[in-house]
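S.K.: My structure is below; once you've seen it, I'll send some questions.
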Amino acid sequence: MRHRSLLIMTTAITAGALTLSACGSRDGKDSSGDKGGKTTVVIGVDAPLTGSLSALGQGIKNSVDLATKIANKNNEVEGVTFKVKSFDDQAVPSSGKQNATSMVDDEEILGAVGPLNSGVAQSMQGVFDKADLAQVSPANTNPALSQGDNWASGKKERPFKTYFRTATTDIIQGRFAAQYYYNDAKKRKVFVVDDKQAYGAGLAKIFAAEFKRLGGKVVGTDHLTVKETDFTGISNKVKSTKADSVYFGGQFPEGGLLSDQVKQAGADVPIMGGDGIYDPAFIKASGTSNDGDLATSVGYPVEQLDSAKTFVKNYQAQGYKDPYAAYGGYSYDAAWSIIQAVKQVAADNDGKLPDDARAKITEALGKVSFDGVTGKVSFDQYGDTTNKQLTVYEVKKGAWKSVKSATFKD
Amino acid sequence: MSGIGPVEPAAPGSDPHPLAPVTEASAEGPAPETLTGRAGDPDSPGVYGRWAALPRRTRRIALALTGVVAAITVGCYLLLNQPAPSAPPPPPWPAQAVEVSYAGTTGLRGAADEGVFAFRIRVSAIRNTAVTVDNITQPYPALTLTTSPRTPITVRSGASRQLIVRISVRRCSGIPLGVELPPLDITLRNTRAIQDQTFLFGDAYANDLSTALRAHCSAHRSRVPHTP
């Protein structure tokens, strides 16, 4: 009996000791794995974080941040923690180029979201392309960025394999605006103004060409300078030409003041613009009512996109100081497309990122396909989004309201 | 989970709970009922004593019945306290549930002479909802539009249907010659909403439309009535 008790006790102690040592060694393995097991992947964000367009830029930055937080929370890519590094370009091309260089030099950055402005993108594309670093813009609409300078003559050629965008192009936006202004708003005599920038001038040109093809008349044209505030001269010209409408290619700070001053000059006509004027600040530019003014913007109204509601809820839950604004959803999808590309590259490489991760991520981006905030996200052979949707908004009782939506399918 | 589960009946002749403590009744009242204790101890008072005095078969049946009652009780509790199932998500908006694509001209014989441009569009219901095309229109007063089959046309979930659209020329002034993005306005309907949506096609549709209009109006301009 005593021997049996002794045997039982010895067995119990030995088993306990073995168990404790196994737990200890497992803990030891785990703790060393936790320290070195997760790779950090940084997504760079370039946008105007200060200056007159900062509201849009902050929305872009925050939306990318949200995407990385969700990805980390869901462990979207096993063994990878995503972070964001943001760069302010103040909507200035040379700043964008400097930021692109900084991102290329930072080895942790494996993809970039931005910029907002087409003109800034033109200065960044070459820098990224040399380094095989993919960029996905949530907002650029100038067609040449993805289809080459000869797109208008039908000779499309992708200039940079690293350039992608989740927003559709001005080819569709400008022409759709012309169709709406002519067919729906019944305008026949338009005065066209642009801000001489890549986006604004390009959009205005595409609009005017389609408007004339429809049988409308461009009764006058003029240009303004960014950051200018006095548009008396242009406003008087609009009145003297007896235009029944104005089309403006440019951004909301100048567009809002232009609209007010045209009306104050006695030309009681609507102004229509592109996504650059689609912002509450356009309406608040001064005390003059903007009711009747129109804008096209990329995508669908959030209330008609079930996928966007989750994004809106999550964005609000984070408590960001600035709203997601016009490009928040597109920015989230841009970031998510990079995250999905990283996921694919890791999956193809036994769960790790290879030495040529940037090049592989660029390649994988061309094949991503998922249901995003703004609808299905994927890219065509030019790096353009395959999800081409637009909406016309009208100012009604001091707020933008959607009045017509369109889907483009090639 | 309550932790009460079915009790295994003891094997014949074995001590059912060899290591379980014995509960003794207190002076204040009967001891709490317990399924532990050694069977057959003639000195155990109260419930345990009575339990031990029962035939083994009776004890087994009682234990089994207790287990069944306990399981049913737990099951009912869980069922009644289950969180209400969340409502299924609503179907997508009709415009998000379809794809509409241009599928080329039909080659209708004599169509060009009659001022008709006939082409095909494909409507696909791409989400888990059927979609009905209630109406298709185009915005140019100089043209009219009809479809075959006639609207309304329902496309089942996951299916595609091809429609023939005929655009006729009423007059050659004001036709959209050379426009790059001629639209079709389609009214869509599903269980969620009725929605007007504009569809824009690529260069092929614009070119085919312009070619047909140009061919008809240049050849038959004198025969087409002009509206005042």
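Residue numbering restarts at 1 in every chain; chains get A, B, ... in the order shown in the structure tokens, and ligands count up from 1 in that same order.
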Write out as a list in words each polymer residue whose atoms come within 12 Å of A:Ala281, counting only C-alpha atoms; drop sequence neighbours fewer than 6 positions from it.
M.R.: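 Non-adjacent residues within range: Ser52, Leu53, Ser54, Ala55, Leu56, Gln251, Phe252, Pro253, Glu254, Gly255, Gly256, Leu257, Gly287, Asn290, Ala325, Ala326, Val395, Gly398, Ala399 and Trp400 of chain A.
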S.K.: Near stretch 193-197 of chain B, counting only C-alpha atoms, which residues have an atom at most 7 Å away, once you skip same-chain residues fewer than 2 positions from it, shown as a PyMOL selection string?
M.R.: (chain A and resi 405-406) or (chain B and resi 93-95+185-191+199)
S.K.: Could you work out which residues of chain A fall inside 7 Å of chain B? Count only C-alpha atoms, and format the result as a list in words.
M.R.: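 Matching residues, ligands excluded from the count: Arg175, Phe176, Asn183, Glu210, Arg213, Leu214, Gln304, Ser405, Ala406, Thr407, Phe408, Lys409 and Asp410 of chain A.
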S.K.: Excluding A:Val45 and any residue of its chain fewer than 4 positions from it, enumerate the residues within 12 Å of it, using only C-alpha atoms, and give them as number ranges by chain.
M.R.: A: 49, 57-65, 68, 83-89, 96, 99-100, 102-103, 109-116, 134-138, 331-332, 334-335, 338
S.K.: Need to verify the contact set: A:Ala201, 10 Å, only C-alpha atoms, exclusion of same-chain residues closer than 4 positions in sequence. Can you return it as a list in words?
M.R.: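 Using only C-alpha atoms, the neighbours found are Asn142, Val192, Val193, Asp194, Asp195, Lys196, Gln197, Lys205, Ile206, Phe207, His223, Phe248, Gly249 and Gly250 of chain A.
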S.K.: Set the distance at 9 Å and use only C-alpha atoms: which residues neighbour B:Asp208 once local chain neighbours fewer than 3 positions away are removed? I'd like the list as a list in words.
M.R.: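 Near B:Asp208, the qualifying residues are Gly104, Thr105, Phe117, Phe119, Asp203, Ala204, Tyr205, Thr211, Ala212 and Leu213 of chain B.
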S.K.: Could you jot down the atom CA of A:Gln122 to atom CA of A:Asp170 separation for me, Å, one decimal place?
M.R.: 15.4 Å
S.K.: Would you list the contacts of A:Val302 as a PyMOL selection string, taking every protein, DNA or RNA residue within 10 Å and counting only C-alpha atoms, but skipping same-chain residues closer than 2 positions in sequence?
M.R.: chain A and resi 299-300+304-309+311-312+329+373-374
S.K.: Okay, now the selection with all heavy atoms, as a tab-separated table (two decimals), in the first residue's frame?
M.R.:
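What landed in part24.tsv:
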```
chain	number	residue	atom	x	y	z
A	299	GLY	N	-19.20	58.39	-58.08
A	299	GLY	CA	-19.88	57.48	-57.17
A	299	GLY	C	-21.35	57.76	-56.98
A	299	GLY	O	-21.93	58.64	-57.60
A	300	TYR	N	-21.91	56.96	-56.07
A	300	TYR	CA	-23.32	57.04	-55.74
A	300	TYR	C	-23.50	57.76	-54.42
A	300	TYR	O	-22.60	57.78	-53.60
A	300	TYR	CB	-23.87	55.62	-55.56
A	300	TYR	CG	-24.48	55.02	-56.78
A	300	TYR	CD1	-24.12	55.46	-58.05
A	300	TYR	CD2	-25.41	54.01	-56.70
A	300	TYR	CE1	-24.65	54.91	-59.17
A	300	TYR	CE2	-25.96	53.44	-57.82
A	300	TYR	CZ	-25.58	53.90	-59.05
A	300	TYR	OH	-26.11	53.34	-60.17
A	304	GLN	N	-27.62	55.33	-50.90
A	304	GLN	CA	-28.02	54.28	-51.84
A	304	GLN	C	-26.98	53.17	-51.92
A	304	GLN	O	-27.06	52.31	-52.79
A	304	GLN	CB	-28.24	54.89	-53.23
A	304	GLN	CG	-29.50	55.73	-53.30
A	304	GLN	CD	-29.69	56.35	-54.67
A	304	GLN	OE1	-29.19	55.85	-55.67
A	304	GLN	NE2	-30.42	57.45	-54.71
A	305	LEU	N	-26.02	53.21	-51.06
A	305	LEU	CA	-24.99	52.18	-51.04
A	305	LEU	C	-25.00	51.54	-49.67
A	305	LEU	O	-24.50	52.11	-48.71
A	305	LEU	CB	-23.61	52.80	-51.30
A	305	LEU	CG	-23.21	53.08	-52.73
A	305	LEU	CD1	-21.87	53.79	-52.77
A	305	LEU	CD2	-23.13	51.80	-53.55
A	306	ASP	N	-25.52	50.32	-49.57
A	306	ASP	CA	-25.54	49.64	-48.28
A	306	ASP	C	-24.13	49.45	-47.76
A	306	ASP	O	-23.87	49.53	-46.56
A	306	ASP	CB	-26.26	48.28	-48.41
A	306	ASP	CG	-27.72	48.45	-48.77
A	306	ASP	OD1	-28.35	49.40	-48.26
A	306	ASP	OD2	-28.24	47.64	-49.56
A	307	SER	N	-23.20	49.22	-48.66
A	307	SER	CA	-21.81	49.00	-48.26
A	307	SER	C	-21.22	50.23	-47.60
A	307	SER	O	-20.32	50.13	-46.77
A	307	SER	CB	-20.98	48.61	-49.47
A	307	SER	OG	-21.20	49.53	-50.52
A	308	ALA	N	-21.72	51.40	-47.97
A	308	ALA	CA	-21.16	52.64	-47.41
A	308	ALA	C	-21.63	52.89	-45.99
A	308	ALA	O	-20.96	53.58	-45.23
A	308	ALA	CB	-21.54	53.82	-48.29
A	309	LYS	N	-22.76	52.32	-45.61
A	309	LYS	CA	-23.31	52.60	-44.28
A	309	LYS	C	-22.37	52.10	-43.19
A	309	LYS	O	-22.18	52.75	-42.16
A	309	LYS	CB	-24.70	51.98	-44.14
A	309	LYS	CG	-25.71	52.73	-44.96
A	309	LYS	CD	-27.11	52.19	-44.87
A	309	LYS	CE	-28.00	53.02	-45.77
A	309	LYS	NZ	-29.08	52.30	-46.37
A	311	PHE	N	-19.19	51.79	-43.46
A	311	PHE	CA	-18.04	52.69	-43.47
A	311	PHE	C	-18.37	53.95	-42.67
A	311	PHE	O	-17.58	54.39	-41.83
A	311	PHE	CB	-17.66	53.05	-44.91
A	311	PHE	CG	-16.79	54.28	-45.03
A	311	PHE	CD1	-15.45	54.23	-44.71
A	311	PHE	CD2	-17.33	55.49	-45.47
A	311	PHE	CE1	-14.65	55.36	-44.80
A	311	PHE	CE2	-16.54	56.61	-45.56
A	311	PHE	CZ	-15.19	56.56	-45.23
A	312	VAL	N	-19.54	54.52	-42.92
A	312	VAL	CA	-19.94	55.75	-42.24
A	312	VAL	C	-19.98	55.52	-40.73
A	312	VAL	O	-19.49	56.32	-39.93
A	312	VAL	CB	-21.31	56.24	-42.76
A	312	VAL	CG1	-21.85	57.36	-41.91
A	312	VAL	CG2	-21.18	56.69	-44.21
A	329	GLY	N	-14.88	57.45	-48.98
A	329	GLY	CA	-15.19	56.07	-49.37
A	329	GLY	C	-14.17	55.56	-50.38
A	329	GLY	O	-13.72	54.41	-50.32
A	373	VAL	N	-16.54	49.81	-50.22
A	373	VAL	CA	-17.49	50.83	-49.74
A	373	VAL	C	-18.27	51.43	-50.91
A	373	VAL	O	-19.47	51.68	-50.81
A	373	VAL	CB	-16.71	51.95	-49.01
A	373	VAL	CG1	-17.60	53.14	-48.70
A	373	VAL	CG2	-16.07	51.39	-47.74
A	374	THR	N	-17.59	51.64	-52.01
A	374	THR	CA	-18.20	52.33	-53.13
A	374	THR	C	-18.75	51.38	-54.18
A	374	THR	O	-19.14	51.80	-55.25
A	374	THR	CB	-17.17	53.27	-53.79
A	374	THR	OG1	-16.04	52.49	-54.19
A	374	THR	CG2	-16.74	54.36	-52.83
```
